[in-house]
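Take a look at the structure below.
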Amino acid sequence: MNPRSASQIRQEFIDYFVKKCGHVFVPSSPCVPVDDPTLMFTNAGMNQFKPYFLGTEKATTPRVANTQKCIRAGGKHNDLDDVGHDTYHHTFFEMLGNWSFGDYFKKEAITWAWDLLTNVWGVDKTRLHATYFQGDPAEGLEPDSEAAELWRTVTDINPSHIHPGNKKDNFWEMGDTGPCGPCSEIHIDLTPDKSGRDLVNKGDARVMEIWNLVFIQFNRGSDSKLTPLPAKHVDTGMGFERITAVLQGKKSNYDTDVFTPIFATIQGVTGAPTYTGLLESDSQNQTDRSAVMKDIAYRVIADHLRTLTFAITDRAMPSNEGRGYVLRRILRRAVRYGRQYLGTREPFVCKLVPPVAECMGAAFPELKKNPQRVAEIVRDEETSFIKTLDR
Ligand code: SER
């Protein structure tokens, strides 16, 4: 059987929660937050639902699901430096999520996540690990033994694959303030002999987090204090590019059909040698080194191009401060990598914008409205940066 395409995976996630578990589909909110000065970019699917968690607004429906456009560059969750060098970090990514606003809680969230992964998608159970919050006395937080017990009772996970985790990994917060709570993460062990249990939460691509189930129960105030919320909520987020790599049997997110069409376009526009997926760990001699740097450049450019295309479509602008400055740095990083490792001299990122809009426009129709406007903004920014490099 052919592996599922990325767009099938996105749709199957949404269908599972809408058709099987009574959720309502809501479109992604913009990746530039509409009305939240605490955030530079939308960094998680739950951002648009913050008022429901805090109880300042009432949700019109208690269960929703979607895929959310997220940018993690600048701010609390910042993956920029890893991008290009590894197989699974991005500045722009999609987060598949399901939410309960004061409705179902831990039991359903864990049961459904396990059912979708193992029964619907057929992920090998013996490769999956789950974590739960071990508590934090300094914060006055108890261990989440309820989640640990649920993993043991409502799923058939190997009990030795259930691990406690500390506040850094298992207590999720959207920023310095805001809704938060203990979380239970699902990790996949991709080592050939399934020996990766000690690599859970060690930042190793061989054992990768794929889904985070957050049990929102507190608000972190500006005085750093945790206050219990009026109701308990669920906020889950699964990395779309990561689950696509898992289901397509690929070693890297960049080997999936989320990225291969973009690489083909980069090659068409720059005339660079074909992308072969090398990593720094493959570098053995001088020849290899330049091939490795070429592949890092492909990954950097593909990732940054997506961030710029989505952010500018959602009305952000490169500039000298805040969010705009993050975008400017991202564009400049892409231009530098292109120049140094793919031999580009002229503006090229702007030429890649319309193909990305075309490729992702079915899932995100806003990209198709005016890709030329986005391309022109990128072109102007690129042109003036290249002038400074040429001086
Ligand atoms: N908010 C959580 C995260 O971003 C789960 O969606 O990981």
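By convention in this document, the chains of the structure tokens carry letters A, B, ... by their order, each chain's residues are numbered from 1, and ligands are numbered from 1 in the order they are shown.
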
So that I can see what lies close to Ala291 in chain A, please list as number ranges by chain the residues with an atom at most 12 Å from it, counting only C-alpha atoms and leaving out residues fewer than 6 positions away in the same chain. A: 272-280, 282-285, 297-298, 341-342

Write as a list in words the residues around ligand 1, taking 7 Å as the cut-off and counting only C-alpha atoms and all ligand atoms. Asn43, Ala44, Gly45, Met46, Gly97, Trp172, Met174, Asn212, Leu213, Val214, Asp235, Thr236, Gly237 and Met238 of chain A

Residue selection dump (all heavy atoms) as an mmCIF file, in the first residue's frame:
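Result went into again00.cif, see below:
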data_model
loop_
_atom_site.group_PDB
_atom_site.id
_atom_site.type_symbol
_atom_site.label_atom_id
_atom_site.label_comp_id
_atom_site.auth_asym_id
_atom_site.auth_seq_id
_atom_site.Cartn_x
_atom_site.Cartn_y
_atom_site.Cartn_z
ATOM 1 N N ASN A 43 2.306 30.566 18.403
ATOM 2 C CA ASN A 43 3.298 29.508 18.642
ATOM 3 C C ASN A 43 2.652 28.171 18.991
ATOM 4 O O ASN A 43 3.343 27.193 19.219
ATOM 5 C CB ASN A 43 4.298 29.931 19.728
ATOM 6 C CG ASN A 43 3.641 30.124 21.088
ATOM 7 O OD1 ASN A 43 2.476 29.809 21.282
ATOM 8 N ND2 ASN A 43 4.391 30.640 22.041
ATOM 9 N N ALA A 44 1.322 28.142 19.050
ATOM 10 C CA ALA A 44 0.638 26.890 19.383
ATOM 11 C C ALA A 44 -0.819 26.999 18.974
ATOM 12 O O ALA A 44 -1.385 28.102 18.889
ATOM 13 C CB ALA A 44 0.732 26.614 20.877
ATOM 14 N N GLY A 45 -1.435 25.823 18.757
ATOM 15 C CA GLY A 45 -2.826 25.805 18.328
ATOM 16 C C GLY A 45 -3.760 26.454 19.335
ATOM 17 O O GLY A 45 -4.831 26.964 18.977
ATOM 18 N N MET A 46 -3.361 26.422 20.626
ATOM 19 C CA MET A 46 -4.276 26.920 21.652
ATOM 20 C C MET A 46 -4.355 28.443 21.746
ATOM 21 O O MET A 46 -5.234 28.963 22.421
ATOM 22 C CB MET A 46 -3.915 26.351 23.027
ATOM 23 C CG MET A 46 -2.496 26.534 23.511
ATOM 24 S SD MET A 46 -2.089 28.191 24.062
ATOM 25 C CE MET A 46 -3.000 28.230 25.591
ATOM 26 N N GLY A 97 -4.394 19.687 16.153
ATOM 27 C CA GLY A 97 -4.809 19.731 17.558
ATOM 28 C C GLY A 97 -6.282 19.440 17.767
ATOM 29 O O GLY A 97 -7.118 19.632 16.884
ATOM 30 N N TRP A 172 3.365 22.499 30.430
ATOM 31 C CA TRP A 172 3.398 23.350 29.242
ATOM 32 C C TRP A 172 2.853 24.750 29.530
ATOM 33 O O TRP A 172 1.793 24.902 30.128
ATOM 34 C CB TRP A 172 2.587 22.723 28.096
ATOM 35 C CG TRP A 172 2.954 23.380 26.789
ATOM 36 C CD1 TRP A 172 4.011 23.065 25.993
ATOM 37 C CD2 TRP A 172 2.298 24.485 26.165
ATOM 38 N NE1 TRP A 172 4.061 23.898 24.905
ATOM 39 C CE2 TRP A 172 3.016 24.784 24.981
ATOM 40 C CE3 TRP A 172 1.183 25.261 26.485
ATOM 41 C CZ2 TRP A 172 2.654 25.809 24.118
ATOM 42 C CZ3 TRP A 172 0.823 26.285 25.620
ATOM 43 C CH2 TRP A 172 1.546 26.552 24.455
ATOM 44 N N MET A 174 2.355 28.661 27.515
ATOM 45 C CA MET A 174 2.419 29.288 26.190
ATOM 46 C C MET A 174 3.384 30.461 26.137
ATOM 47 O O MET A 174 3.858 30.856 25.089
ATOM 48 C CB MET A 174 1.037 29.712 25.691
ATOM 49 C CG MET A 174 0.439 30.892 26.378
ATOM 50 S SD MET A 174 -1.124 31.387 25.613
ATOM 51 C CE MET A 174 -0.569 32.627 24.459
ATOM 52 N N ASN A 212 1.707 16.257 21.989
ATOM 53 C CA ASN A 212 1.702 16.764 23.361
ATOM 54 C C ASN A 212 0.254 16.953 23.810
ATOM 55 O O ASN A 212 -0.499 17.684 23.171
ATOM 56 C CB ASN A 212 2.463 18.104 23.398
ATOM 57 C CG ASN A 212 2.661 18.620 24.806
ATOM 58 O OD1 ASN A 212 2.427 17.901 25.780
ATOM 59 N ND2 ASN A 212 3.093 19.865 24.923
ATOM 60 N N LEU A 213 -0.116 16.264 24.897
ATOM 61 C CA LEU A 213 -1.479 16.389 25.425
ATOM 62 C C LEU A 213 -1.391 17.242 26.689
ATOM 63 O O LEU A 213 -0.809 16.807 27.683
ATOM 64 C CB LEU A 213 -2.062 15.013 25.768
ATOM 65 C CG LEU A 213 -1.822 13.872 24.756
ATOM 66 C CD1 LEU A 213 -2.436 12.575 25.273
ATOM 67 C CD2 LEU A 213 -2.399 14.206 23.393
ATOM 68 N N VAL A 214 -1.914 18.445 26.622
ATOM 69 C CA VAL A 214 -1.799 19.358 27.764
ATOM 70 C C VAL A 214 -3.132 19.413 28.497
ATOM 71 O O VAL A 214 -4.194 19.533 27.869
ATOM 72 C CB VAL A 214 -1.407 20.790 27.308
ATOM 73 C CG1 VAL A 214 -1.164 21.685 28.527
ATOM 74 C CG2 VAL A 214 -0.172 20.773 26.423
ATOM 75 N N ASP A 235 -5.764 20.597 25.642
ATOM 76 C CA ASP A 235 -5.115 21.286 24.524
ATOM 77 C C ASP A 235 -4.077 20.324 23.980
ATOM 78 O O ASP A 235 -3.050 20.101 24.623
ATOM 79 C CB ASP A 235 -4.438 22.560 25.062
ATOM 80 C CG ASP A 235 -3.263 23.006 24.204
ATOM 81 O OD1 ASP A 235 -3.335 22.847 22.978
ATOM 82 O OD2 ASP A 235 -2.279 23.536 24.782
ATOM 83 N N THR A 236 -4.343 19.703 22.829
ATOM 84 C CA THR A 236 -3.307 18.804 22.300
ATOM 85 C C THR A 236 -2.694 19.397 21.038
ATOM 86 O O THR A 236 -3.333 20.165 20.312
ATOM 87 C CB THR A 236 -3.833 17.380 21.969
ATOM 88 O OG1 THR A 236 -4.277 17.327 20.617
ATOM 89 C CG2 THR A 236 -4.909 16.937 22.935
ATOM 90 N N GLY A 237 -1.459 19.019 20.790
ATOM 91 C CA GLY A 237 -0.775 19.494 19.590
ATOM 92 C C GLY A 237 0.160 18.426 19.062
ATOM 93 O O GLY A 237 1.001 17.906 19.802
ATOM 94 N N MET A 238 -0.043 18.072 17.798
ATOM 95 C CA MET A 238 0.834 17.079 17.159
ATOM 96 C C MET A 238 1.559 17.749 16.005
ATOM 97 O O MET A 238 0.942 18.442 15.185
ATOM 98 C CB MET A 238 -0.003 15.901 16.639
ATOM 99 C CG MET A 238 0.822 14.940 15.806
ATOM 100 S SD MET A 238 0.199 13.261 15.834
ATOM 101 C CE MET A 238 -1.453 13.454 15.257
#

Nearest residue to Arg10 in chain A out of A:His85, A:Lys194, A:His233, A:Arg242, using only C-alpha atoms?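 For Arg10 in chain A, the nearest of the given residues is A:Arg242.
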
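For Glu142 in chain A, the set of protein, DNA and RNA residues having any atom at most 10 Å away, when counting only C-alpha atoms and skipping those fewer than 4 positions along the same chain, is Phe133, Gln134, Gly135, Asp136, Pro137 and Pro182 of chain A.
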
Going by DSSP on the backbone, which bits of range 91-312 of chain A are alpha helix (DSSP H)? Write them as a ChimeraX atom specification, please. /A:106-114,145-154,167-170,240-247,260-270,286-312

Which polymer residues have any atom within 10 Å of an atom of Leu367 in chain A, counting only C-alpha atoms, with same-chain residues fewer than 3 positions away left out, as an MDAnalysis selection string? chainID A and resid 309:310 312:314 353:354 356:364 370:371 374

Output file for the residues above (all heavy atoms, as a CSV table (one decimal), in the first residue's frame):
chain,number,residue,atom,x,y,z
A,309,THR,N,6.4,33.3,3.7
A,309,THR,CA,5.2,33.3,2.9
A,309,THR,C,3.9,33.3,3.8
A,309,THR,O,3.0,34.1,3.5
A,309,THR,CB,5.2,32.0,2.0
A,309,THR,OG1,6.3,32.0,1.2
A,309,THR,CG2,4.0,32.0,1.1
A,310,PHE,N,3.9,32.5,4.8
A,310,PHE,CA,2.8,32.5,5.7
A,310,PHE,C,2.7,33.8,6.5
A,310,PHE,O,1.6,34.4,6.6
A,310,PHE,CB,2.8,31.3,6.6
A,310,PHE,CG,2.2,30.0,5.9
A,310,PHE,CD1,3.0,29.2,5.2
A,310,PHE,CD2,0.9,29.8,6.0
A,310,PHE,CE1,2.5,28.0,4.6
A,310,PHE,CE2,0.3,28.6,5.4
A,310,PHE,CZ,1.2,27.8,4.7
A,312,ILE,N,3.9,36.8,6.0
A,312,ILE,CA,3.6,38.1,5.2
A,312,ILE,C,2.1,38.0,4.7
A,312,ILE,O,1.4,39.0,4.6
A,312,ILE,CB,4.6,38.3,4.1
A,312,ILE,CG1,6.0,38.5,4.8
A,312,ILE,CG2,4.3,39.5,3.3
A,312,ILE,CD1,7.2,38.6,3.8
A,313,THR,N,1.7,36.8,4.3
A,313,THR,CA,0.3,36.6,3.9
A,313,THR,C,-0.6,37.0,5.0
A,313,THR,O,-1.6,37.7,4.8
A,313,THR,CB,0.0,35.1,3.5
A,313,THR,OG1,0.8,34.8,2.4
A,313,THR,CG2,-1.5,34.9,3.2
A,314,ASP,N,-0.2,36.7,6.3
A,314,ASP,CA,-1.0,37.1,7.4
A,314,ASP,C,-0.7,38.5,7.9
A,314,ASP,O,-0.9,38.8,9.1
A,314,ASP,CB,-0.8,36.1,8.5
A,314,ASP,CG,-1.6,34.8,8.3
A,314,ASP,OD1,-2.5,34.8,7.4
A,314,ASP,OD2,-1.3,33.8,8.9
A,353,VAL,N,8.1,32.0,-3.7
A,353,VAL,CA,6.9,32.3,-2.9
A,353,VAL,C,5.6,31.8,-3.7
A,353,VAL,O,4.8,31.0,-3.1
A,353,VAL,CB,6.7,33.8,-2.6
A,353,VAL,CG1,5.3,34.1,-2.1
A,353,VAL,CG2,7.8,34.2,-1.5
A,354,PRO,N,5.4,32.1,-5.0
A,354,PRO,CA,4.2,31.7,-5.6
A,354,PRO,C,4.1,30.1,-5.7
A,354,PRO,O,3.0,29.6,-5.4
A,354,PRO,CB,4.3,32.3,-7.0
A,354,PRO,CG,5.1,33.5,-6.8
A,354,PRO,CD,6.1,33.1,-5.8
A,356,VAL,N,5.1,28.0,-3.5
A,356,VAL,CA,4.7,27.5,-2.1
A,356,VAL,C,3.3,27.8,-1.9
A,356,VAL,O,2.5,27.0,-1.4
A,356,VAL,CB,5.6,28.2,-1.0
A,356,VAL,CG1,5.0,28.0,0.3
A,356,VAL,CG2,7.0,27.6,-1.0
A,357,ALA,N,2.8,29.0,-2.3
A,357,ALA,CA,1.4,29.3,-2.2
A,357,ALA,C,0.5,28.3,-2.9
A,357,ALA,O,-0.5,27.9,-2.5
A,357,ALA,CB,1.2,30.8,-2.7
A,358,GLU,N,1.0,27.9,-4.1
A,358,GLU,CA,0.3,27.0,-4.9
A,358,GLU,C,0.2,25.6,-4.2
A,358,GLU,O,-0.9,25.0,-4.1
A,358,GLU,CB,1.0,26.9,-6.3
A,358,GLU,CG,0.3,26.0,-7.3
A,358,GLU,CD,-1.1,26.4,-7.6
A,358,GLU,OE1,-1.4,27.6,-7.6
A,358,GLU,OE2,-2.0,25.5,-7.8
A,359,CYS,N,1.3,25.2,-3.7
A,359,CYS,CA,1.5,23.9,-3.1
A,359,CYS,C,0.7,23.8,-1.8
A,359,CYS,O,0.1,22.7,-1.5
A,359,CYS,CB,3.0,23.7,-2.9
A,359,CYS,SG,3.7,22.4,-2.2
A,360,MET,N,0.6,24.8,-1.0
A,360,MET,CA,-0.1,24.7,0.3
A,360,MET,C,-1.5,25.4,0.3
A,360,MET,O,-2.1,25.5,1.3
A,360,MET,CB,0.8,25.4,1.4
A,360,MET,CG,2.2,24.9,1.4
A,360,MET,SD,2.8,24.1,2.8
A,360,MET,CE,1.6,24.0,4.0
A,361,GLY,N,-1.8,25.9,-0.9
A,361,GLY,CA,-3.1,26.7,-1.0
A,361,GLY,C,-4.4,25.9,-0.8
A,361,GLY,O,-5.4,26.5,-0.4
A,362,ALA,N,-4.3,24.6,-1.0
A,362,ALA,CA,-5.6,23.8,-0.8
A,362,ALA,C,-5.9,23.8,0.7
A,362,ALA,O,-7.1,24.0,1.1
A,362,ALA,CB,-5.4,22.4,-1.4
A,363,ALA,N,-4.9,23.6,1.5
A,363,ALA,CA,-5.1,23.6,3.0
A,363,ALA,C,-5.3,25.0,3.5
A,363,ALA,O,-6.0,25.2,4.5
A,363,ALA,CB,-4.0,22.9,3.7
A,364,PHE,N,-4.6,26.0,2.9
A,364,PHE,CA,-4.7,27.3,3.5
A,364,PHE,C,-5.0,28.3,2.3
A,364,PHE,O,-4.1,28.9,1.7
A,364,PHE,CB,-3.3,27.7,4.1
A,364,PHE,CG,-3.0,26.8,5.3
A,364,PHE,CD1,-2.1,25.7,5.1
A,364,PHE,CD2,-3.5,26.9,6.5
A,364,PHE,CE1,-1.8,24.8,6.1
A,364,PHE,CE2,-3.3,26.0,7.6
A,364,PHE,CZ,-2.4,25.0,7.3
A,370,ASN,N,-3.3,36.5,-2.9
A,370,ASN,CA,-2.4,37.5,-3.6
A,370,ASN,C,-0.9,37.2,-3.4
A,370,ASN,O,-0.2,37.9,-2.8
A,370,ASN,CB,-2.7,38.9,-3.1
A,370,ASN,CG,-2.1,40.0,-4.0
A,370,ASN,OD1,-1.4,39.6,-5.0
A,370,ASN,ND2,-2.5,41.2,-3.8
A,371,PRO,N,-0.5,36.0,-3.9
A,371,PRO,CA,0.9,35.6,-3.6
A,371,PRO,C,1.9,36.6,-4.3
A,371,PRO,O,3.0,36.8,-3.8
A,371,PRO,CB,1.1,34.2,-4.3
A,371,PRO,CG,-0.1,34.1,-5.2
A,371,PRO,CD,-1.2,35.0,-4.7
A,374,VAL,N,3.0,39.2,-1.7
A,374,VAL,CA,4.0,38.6,-0.8
A,374,VAL,C,5.4,38.5,-1.5
A,374,VAL,O,6.4,38.9,-0.9
A,374,VAL,CB,3.6,37.2,-0.3
A,374,VAL,CG1,4.6,36.6,0.7
A,374,VAL,CG2,2.2,37.3,0.4

Using CA of Pro33 in chain A and CA of Trp211 in chain A as the two end points, give the distance in Å to one decimal.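 Computing it gives 22.9 Å between the two atoms.
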